[in-house]
Amino acid sequence: MSAPIAEQNLTQAPAPVSFWQAFLFWLKLGFISFGGPAGQIAIMHAELVERRRWISERRFLHALNYCMLLPGPEAQQLATYIGWLMHRSWGGVVAGALFVLPSLLILIVLSWLYVAWGDLPLLAGLFFGIKPAVTAIVLQAARRIGGRVLRHRWLWAIAGAAFLAIFVLHLPFPLIVLAAGLIGYLGGRYAPTVFAAAAGHGPARHDYGAALIDDHGPRPAHTRFRWGRLAWLMAIGAALWCLPMAWLTLQLGWQHAYTQMGWFFTKAALLTFGGAYAVLPYVFQGAVGHYGWLSAGQMMDGLALGEATPGPLIMVVAFVAFLGGYQQALLGPDALFLAGALAACLVCWFTFLPSFLFILLGGPLVESTHGKLGFSAPLTAISAAVVGVILNLALFFAYHLFWPQGFAGQFDAPSALIAFGAAVALFGFKRGVIEVLGACALLGLLIRLAQ
């Protein structure tokens, strides 16, 4: 274990880190990466920049700026990027995979317990309190992203238009993303001050001492751009997607649920600009509305489990897939758990494969642009549209929760009170998501027991 910062010689870089030393750290990170993207990035900064000094703060932020530009979970992509910097392609693959695998295994177990035993009074009571908390958490996500992005009235207008497009016109999420990107592209040309970078991370403010990967050292050979390497990685990436997709199509057919899951979540992986909350409406539209793999209430429960487990929040797709495979008995009535677990693993493969490719393909180009990389105008417009889409998701959750039989049915006052309390705790008292989920789960259990 590294010495405390006060005891280190900050004028000399730490000793070189072996592949297996890094392996153990990435494995540990996979089990402690709670708190969503902000918390996960904070953990990596504290461990890698401040304590271990494996990478300088400026290089850390430069990598993070690139990851924030990409669709996909930025914290997982940042781990992949730093792993690649330290130990080449395999280092990046290991870092990114270990960021995800513990969460996948935990969610498979929790999903099985949920679907097999979720009707028990104890678990039913806990989830009765969790669902209202999820509504408040999604609303908080809209506010958090909006506060970072909506810094001009035209960006507010894009957010409002996106909300109306999905709430009133029921337009598909990909179409909204494409339209926002086009508006941002045109705005970047004709109104650049409006579509300037609305978010991101500024220059380094602290010097934590000499680092293994510092600001001025020579670039390692593997970080230099080469056309041959680019072509080779693109061929490998295409094979890793095409081979399993071709096998599923030939063996099971294009309309089989496993094949459709692979195709649907590949598209979802390319639409996660702005974090997992941005793509949840798309997953909701497809998994709940189109395919019927799970219900709206189950989707809310899955989001709560994703919030309460380590790893990127987009891992909620493992819960969605598990329930789809389990409840549809895709491998027969005697292999329900196996059907769900296979679906979860399959979906994670197609969801995270693009993230690895973005880092391994784009890393060498990014390494040649220190201090020059920023947010593009199309991304700024997409981020603004995402705020409106997430607000729609919060209202969708609230509608199904507070009026479970529709507006003509009875209003669920206890759920509304729990949601209000969760919102007060999140917005007013700045409590953490895990704290709020735990308190609301306990409150829901007490209400159910008292009924």
# chains A, B, ... in the order shown; residues from 1 in each chain; ligands from 1

$ residues_around --residues "Ala22 in chain A" --least-positions-apart "3" --cutoff "12 Å" --atoms "only C-alpha atoms" --output "CSV table (one decimal) with C-alpha atoms, in the first residue's frame"
chain,number,residue,atom,x,y,z
A,16,PRO,CA,6.7,1.8,-11.9
A,17,VAL,CA,3.4,0.0,-11.5
A,18,SER,CA,3.3,-3.6,-12.8
A,19,PHE,CA,0.3,-4.9,-14.8
A,25,PHE,CA,-6.5,-1.8,-8.1
A,26,TRP,CA,-9.0,-2.0,-10.9
A,27,LEU,CA,-10.6,-5.0,-9.3
A,28,LYS,CA,-10.9,-3.1,-6.0
A,29,LEU,CA,-12.4,-0.1,-7.9
A,47,GLU,CA,-6.6,7.3,-5.7
A,48,LEU,CA,-4.8,7.8,-9.0
A,52,ARG,CA,-0.8,7.0,-5.8
A,54,TRP,CA,0.0,7.2,-11.3
A,79,ALA,CA,-10.8,3.9,-16.3
A,80,THR,CA,-10.2,2.2,-19.7
A,82,ILE,CA,-5.9,5.4,-17.9
A,83,GLY,CA,-5.5,1.6,-18.0
A,84,TRP,CA,-4.5,1.9,-21.7
A,85,LEU,CA,-2.1,4.7,-21.0
A,86,MET,CA,-0.3,2.6,-18.3
A,87,HIS,CA,-0.3,-0.9,-19.9
A,90,TRP,CA,-4.8,-5.0,-22.6
A,91,GLY,CA,-4.4,-2.6,-19.7
A,92,GLY,CA,-7.3,-0.6,-21.0
A,94,VAL,CA,-8.8,-5.1,-18.1
A,95,ALA,CA,-9.4,-1.7,-16.4
A,96,GLY,CA,-12.7,-1.2,-18.2
A,98,LEU,CA,-13.2,-4.9,-14.0

$ residues_around --residues "Phe337 in chain A" --least-positions-apart "3" --cutoff "8 Å" --atoms "only C-alpha atoms" --output "MDAnalysis selection string"
chainID A and resid 112 326 340:341

$ closest_residue --among "A:Ile55, A:Leu393, A:Val149, A:Val115" --to "Val320 in chain A" --atoms "only C-alpha atoms"
A:Val115

$ closest_residue --among "A:Trp247, A:Tyr208, A:Trp241, A:Phe99" --to "Phe23 in chain A" --atoms "only C-alpha atoms"
A:Phe99

$ select_by_dssp --residues "range 271-354 of chain A" --states "alpha helix (DSSP H)" --output "ChimeraX atom specification"
/A:276-283,296-308,316-327,336-354

$ atom_distance --atom1 "CA of Gln40 in chain A" --atom2 "CA of Leu64 in chain A"
12.0 Å
